[in-house]
Structure formats: C-alpha cells, structure tokens
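K.L.:
My structure is in upload.pdb, and what it holds is PDB, C-alpha atoms:
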```pdb
ATOM      1  CA  MET A  55     106.732 114.625  67.470  1.00  0.00           C
ATOM      2  CA  VAL A  56     109.078 117.072  69.133  1.00  0.00           C
ATOM      3  CA  GLN A  57     112.738 117.745  68.475  1.00  0.00           C
ATOM      4  CA  ILE A  58     114.774 116.277  71.317  1.00  0.00           C
ATOM      5  CA  LYS A  59     118.199 117.759  71.938  1.00  0.00           C
ATOM      6  CA  ARG A  60     121.159 116.342  73.861  1.00  0.00           C
ATOM      7  CA  GLY A  61     122.538 118.657  76.519  1.00  0.00           C
ATOM      8  CA  ASP A  62     124.996 118.268  79.362  1.00  0.00           C
ATOM      9  CA  ASP A  63     123.688 115.252  81.290  1.00  0.00           C
ATOM     10  CA  LYS A  64     120.178 115.669  79.903  1.00  0.00           C
ATOM     11  CA  PHE A  65     117.868 115.329  76.957  1.00  0.00           C
ATOM     12  CA  TYR A  66     115.548 118.280  76.526  1.00  0.00           C
ATOM     13  CA  ILE A  67     113.118 120.065  74.268  1.00  0.00           C
ATOM     14  CA  GLY A  68     112.928 123.799  73.790  1.00  0.00           C
ATOM     15  CA  ASP A  69     115.135 126.565  72.471  1.00  0.00           C
ATOM     16  CA  LYS A  70     117.404 126.903  75.505  1.00  0.00           C
ATOM     17  CA  GLU A  71     119.041 124.129  77.481  1.00  0.00           C
ATOM     18  CA  SER A  72     118.912 126.369  80.559  1.00  0.00           C
ATOM     19  CA  GLN A  73     115.120 126.826  80.198  1.00  0.00           C
ATOM     20  CA  PRO A  74     113.764 123.605  78.684  1.00  0.00           C
ATOM     21  CA  GLN A  75     110.089 122.911  78.074  1.00  0.00           C
ATOM     22  CA  GLY A  76     110.789 119.274  78.844  1.00  0.00           C
ATOM     23  CA  VAL A  77     113.794 117.534  80.344  1.00  0.00           C
ATOM     24  CA  MET A  78     115.102 114.129  81.355  1.00  0.00           C
ATOM     25  CA  SER A  79     118.298 114.380  83.362  1.00  0.00           C
ATOM     26  CA  PHE A  80     120.784 111.593  83.936  1.00  0.00           C
ATOM     27  CA  LEU A  81     124.240 110.784  85.244  1.00  0.00           C
ATOM     28  CA  ILE A  82     126.548 108.333  83.497  1.00  0.00           C
ATOM     29  CA  GLN A  83     128.544 106.423  86.095  1.00  0.00           C
ATOM     30  CA  ASP A  84     131.928 104.711  85.810  1.00  0.00           C
ATOM     31  CA  ASN A  85     130.436 101.256  86.427  1.00  0.00           C
ATOM     32  CA  GLY A  86     128.626 101.019  83.077  1.00  0.00           C
ATOM     33  CA  THR A  87     125.326 102.398  84.305  1.00  0.00           C
ATOM     34  CA  VAL A  88     123.335 105.549  83.782  1.00  0.00           C
ATOM     35  CA  VAL A  89     121.054 106.945  86.481  1.00  0.00           C
ATOM     36  CA  ILE A  90     117.899 108.643  85.202  1.00  0.00           C
ATOM     37  CA  ASP A  91     117.021 110.936  88.071  1.00  0.00           C
ATOM     38  CA  HIS A  92     114.364 113.328  86.767  1.00  0.00           C
ATOM     39  CA  THR A  93     111.811 113.710  83.983  1.00  0.00           C
ATOM     40  CA  GLU A  94     109.546 116.731  83.652  1.00  0.00           C
ATOM     41  CA  VAL A  95     107.555 118.570  80.986  1.00  0.00           C
ATOM     42  CA  ASP A  96     105.723 121.879  81.046  1.00  0.00           C
ATOM     43  CA  GLY A  97     102.021 121.707  81.829  1.00  0.00           C
ATOM     44  CA  ASN A  98     100.974 122.550  78.275  1.00  0.00           C
ATOM     45  CA  LEU A  99     102.869 119.466  77.013  1.00  0.00           C
ATOM     46  CA  LYS A 100     101.558 116.944  79.535  1.00  0.00           C
ATOM     47  CA  GLY A 101      99.606 114.028  78.117  1.00  0.00           C
ATOM     48  CA  GLN A 102     101.210 114.317  74.677  1.00  0.00           C
ATOM     49  CA  GLY A 103     103.871 111.619  75.100  1.00  0.00           C
ATOM     50  CA  VAL A 104     106.742 114.098  75.316  1.00  0.00           C
ATOM     51  CA  ALA A 105     108.146 112.692  78.561  1.00  0.00           C
ATOM     52  CA  LYS A 106     108.010 109.196  77.076  1.00  0.00           C
ATOM     53  CA  GLU A 107     109.979 110.432  74.042  1.00  0.00           C
ATOM     54  CA  LEU A 108     112.606 111.906  76.368  1.00  0.00           C
ATOM     55  CA  VAL A 109     112.961 108.556  78.152  1.00  0.00           C
ATOM     56  CA  ALA A 110     113.184 106.805  74.767  1.00  0.00           C
ATOM     57  CA  ALA A 111     116.071 109.108  73.818  1.00  0.00           C
ATOM     58  CA  GLY A 112     117.856 108.079  77.009  1.00  0.00           C
ATOM     59  CA  VAL A 113     117.224 104.408  76.264  1.00  0.00           C
ATOM     60  CA  LYS A 114     118.607 104.821  72.749  1.00  0.00           C
ATOM     61  CA  GLU A 115     121.807 106.377  74.059  1.00  0.00           C
ATOM     62  CA  ALA A 116     122.152 103.735  76.782  1.00  0.00           C
ATOM     63  CA  ARG A 117     121.922 101.007  74.128  1.00  0.00           C
ATOM     64  CA  GLU A 118     124.442 102.753  71.878  1.00  0.00           C
ATOM     65  CA  LYS A 119     126.913 103.037  74.777  1.00  0.00           C
ATOM     66  CA  ASN A 120     126.160  99.569  76.228  1.00  0.00           C
ATOM     67  CA  LEU A 121     124.954 101.043  79.521  1.00  0.00           C
ATOM     68  CA  LYS A 122     122.416  99.648  81.965  1.00  0.00           C
ATOM     69  CA  ILE A 123     119.833 102.023  83.454  1.00  0.00           C
ATOM     70  CA  ILE A 124     119.106 102.768  87.094  1.00  0.00           C
ATOM     71  CA  PRO A 125     115.721 104.538  86.991  1.00  0.00           C
ATOM     72  CA  GLU A 126     115.535 106.701  90.125  1.00  0.00           C
ATOM     73  CA  CYS A 127     112.855 108.872  88.515  1.00  0.00           C
ATOM     74  CA  PRO A 128     109.448 107.234  89.162  1.00  0.00           C
ATOM     75  CA  TYR A 129     108.144 108.177  85.715  1.00  0.00           C
ATOM     76  CA  ALA A 130     111.178 106.768  83.893  1.00  0.00           C
ATOM     77  CA  LYS A 131     110.969 103.605  85.998  1.00  0.00           C
ATOM     78  CA  LYS A 132     107.308 103.146  85.015  1.00  0.00           C
ATOM     79  CA  VAL A 133     108.055 103.653  81.311  1.00  0.00           C
ATOM     80  CA  LEU A 134     110.989 101.228  81.403  1.00  0.00           C
ATOM     81  CA  GLU A 135     109.077  98.546  83.288  1.00  0.00           C
ATOM     82  CA  GLU A 136     106.012  98.789  81.034  1.00  0.00           C
ATOM     83  CA  ASN A 137     107.952  98.404  77.783  1.00  0.00           C
ATOM     84  CA  PRO A 138     109.182  94.836  77.157  1.00  0.00           C
ATOM     85  CA  ASP A 139     111.871  96.177  74.797  1.00  0.00           C
ATOM     86  CA  TYR A 140     113.463  98.135  77.648  1.00  0.00           C
ATOM     87  CA  LYS A 141     113.465  95.521  80.422  1.00  0.00           C
ATOM     88  CA  ASP A 142     116.917  94.171  79.546  1.00  0.00           C
ATOM     89  CA  LEU A 143     118.429  97.572  80.345  1.00  0.00           C
ATOM     90  CA  ILE A 144     117.059  97.952  83.873  1.00  0.00           C
ATOM     91  CA  VAL A 145     119.461  97.284  86.731  1.00  0.00           C
ATOM     92  CA  ALA A 146     117.705  95.038  89.240  1.00  0.00           C
ATOM     93  CA  GLU A 147     117.388  96.596  92.671  1.00  0.00           C
TER      94      GLU A 147
END
```
Can the structure from this file be put into structure tokens for me?
P.N.:
Amino acid sequence: MVQIKRGDDKFYIGDKESQPQGVMSFLIQDNGTVVIDHTEVDGNLKGQGVAKELVAAGVKEAREKNLKIIPECPYAKKVLEENPDYKDLIVAE
C-alpha cells in the first residue's frame, strides 16, 4: 500500500506534488459534483493497484463532502462502474 497525499485538486503519490509518481486530478464544481479528469501512474507502478487506490481516495473525499462524481477519466469511470459500492456516487450521463 502506498501513501496517498492530497494536493491542490489532486491526490498523488511521491515526494513532490509537482512531480508525482501517480496522480488523480479532479475539479470540485459549485453544483455539488466533482469531475475526475485524469488518472496516471508511472510505468514501474502499473498493475499494482495504485491507480485504483487513487480513485478510492477521491471516492472517500466525495462521500465525506456529499459530492457526486462525474468520471471524465476512462480509468476512473471503469473503476467506479465496476464497484457496486461506488455506483451511487456516479452522475448519470
């Protein structure tokens, strides 16, 4: 398990927010939604569940703030749709 940090409009792993080894970026909107627009991890971390942990951190914060999620990032959308515990947070298109 990696240490996930909260940055400005992102969750990331690594020592520097400006040079993360993994990142999930988002934008909280005024209408009670959060747009997840990008998820990426370095090649050496792929296949280890790191990106899924980043999405889970975003889901946790969305729940805490009573936000619904608009998953523009294809990976985040896949993770949200495949997990029954997350489906209530997805904004229907």
K.L.:
Mind checking which residues fall within 12 Å of stretch 63-76 of chain A, counting all atoms listed in the file, ignoring those fewer than 6 positions away in the same chain, and posting them as JSON, numbers by chain?
P.N.:
{"A": [55, 56, 57, 82, 83, 88, 89, 90, 91, 92, 93, 94, 95, 96, 97, 98, 99, 100, 102, 103, 104, 105, 106, 107, 108, 109, 110, 111, 112, 113, 114, 115]}
K.L.:
Could you check which of A:Arg117, A:Arg60, A:Lys141, A:Lys122 is closest to A:Thr87, using only C-alpha atoms?
P.N.:
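Nearest to A:Thr87: A:Lys122.
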K.L.:
Would you mind reading off the distance between atom CA of A:Glu136 and atom CA of A:Gly61, one decimal, in Å?
P.N.:
26.2 Å
K.L.:
Once 4 Å is added on each side, what centre and edge lengths in Å to one decimal does the axis-aligned box around all listed atoms of stretch 130-140 of chain A have, as lines of an AutoDock Vina configuration file?
P.N.:
```
center_x = 109.7
center_y = 100.8
center_z = 80.4
size_x = 15.5
size_y = 19.9
size_z = 19.2
```
K.L.:
Check the smallest atom-to-atom distance from each of A:Pro138, A:Ala146, A:Val77, A:Asp62 to A:Ile123 using only C-alpha atoms, then report the winner.
P.N.:
A:Ala146
K.L.:
I'd like to know which of A:Gly86, A:Gly101, A:Asp139, A:Lys131 is closest to A:Ala116, using all atoms listed in the file.
P.N.:
A:Gly86
K.L.:
Record the distance separating atom CA of A:Leu81 and atom CA of A:Asp142, expressed in Å with one decimal.
P.N.:
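One can read the atom CA of A:Leu81 to atom CA of A:Asp142 distance as 19.0 Å.
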K.L.:
Pick the closest to A:Ile144 from A:Ile58, A:Lys132, A:Lys119, A:Pro125: which is it, counting all atoms listed in the file?
P.N.:
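Among the listed residues, A:Pro125 lies closest to A:Ile144.
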K.L.:
Quick one: pull the distance between atom CA of A:Ser79 and atom CA of A:Glu126, Å, one decimal.
P.N.:
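So the answer is 10.6 Å.
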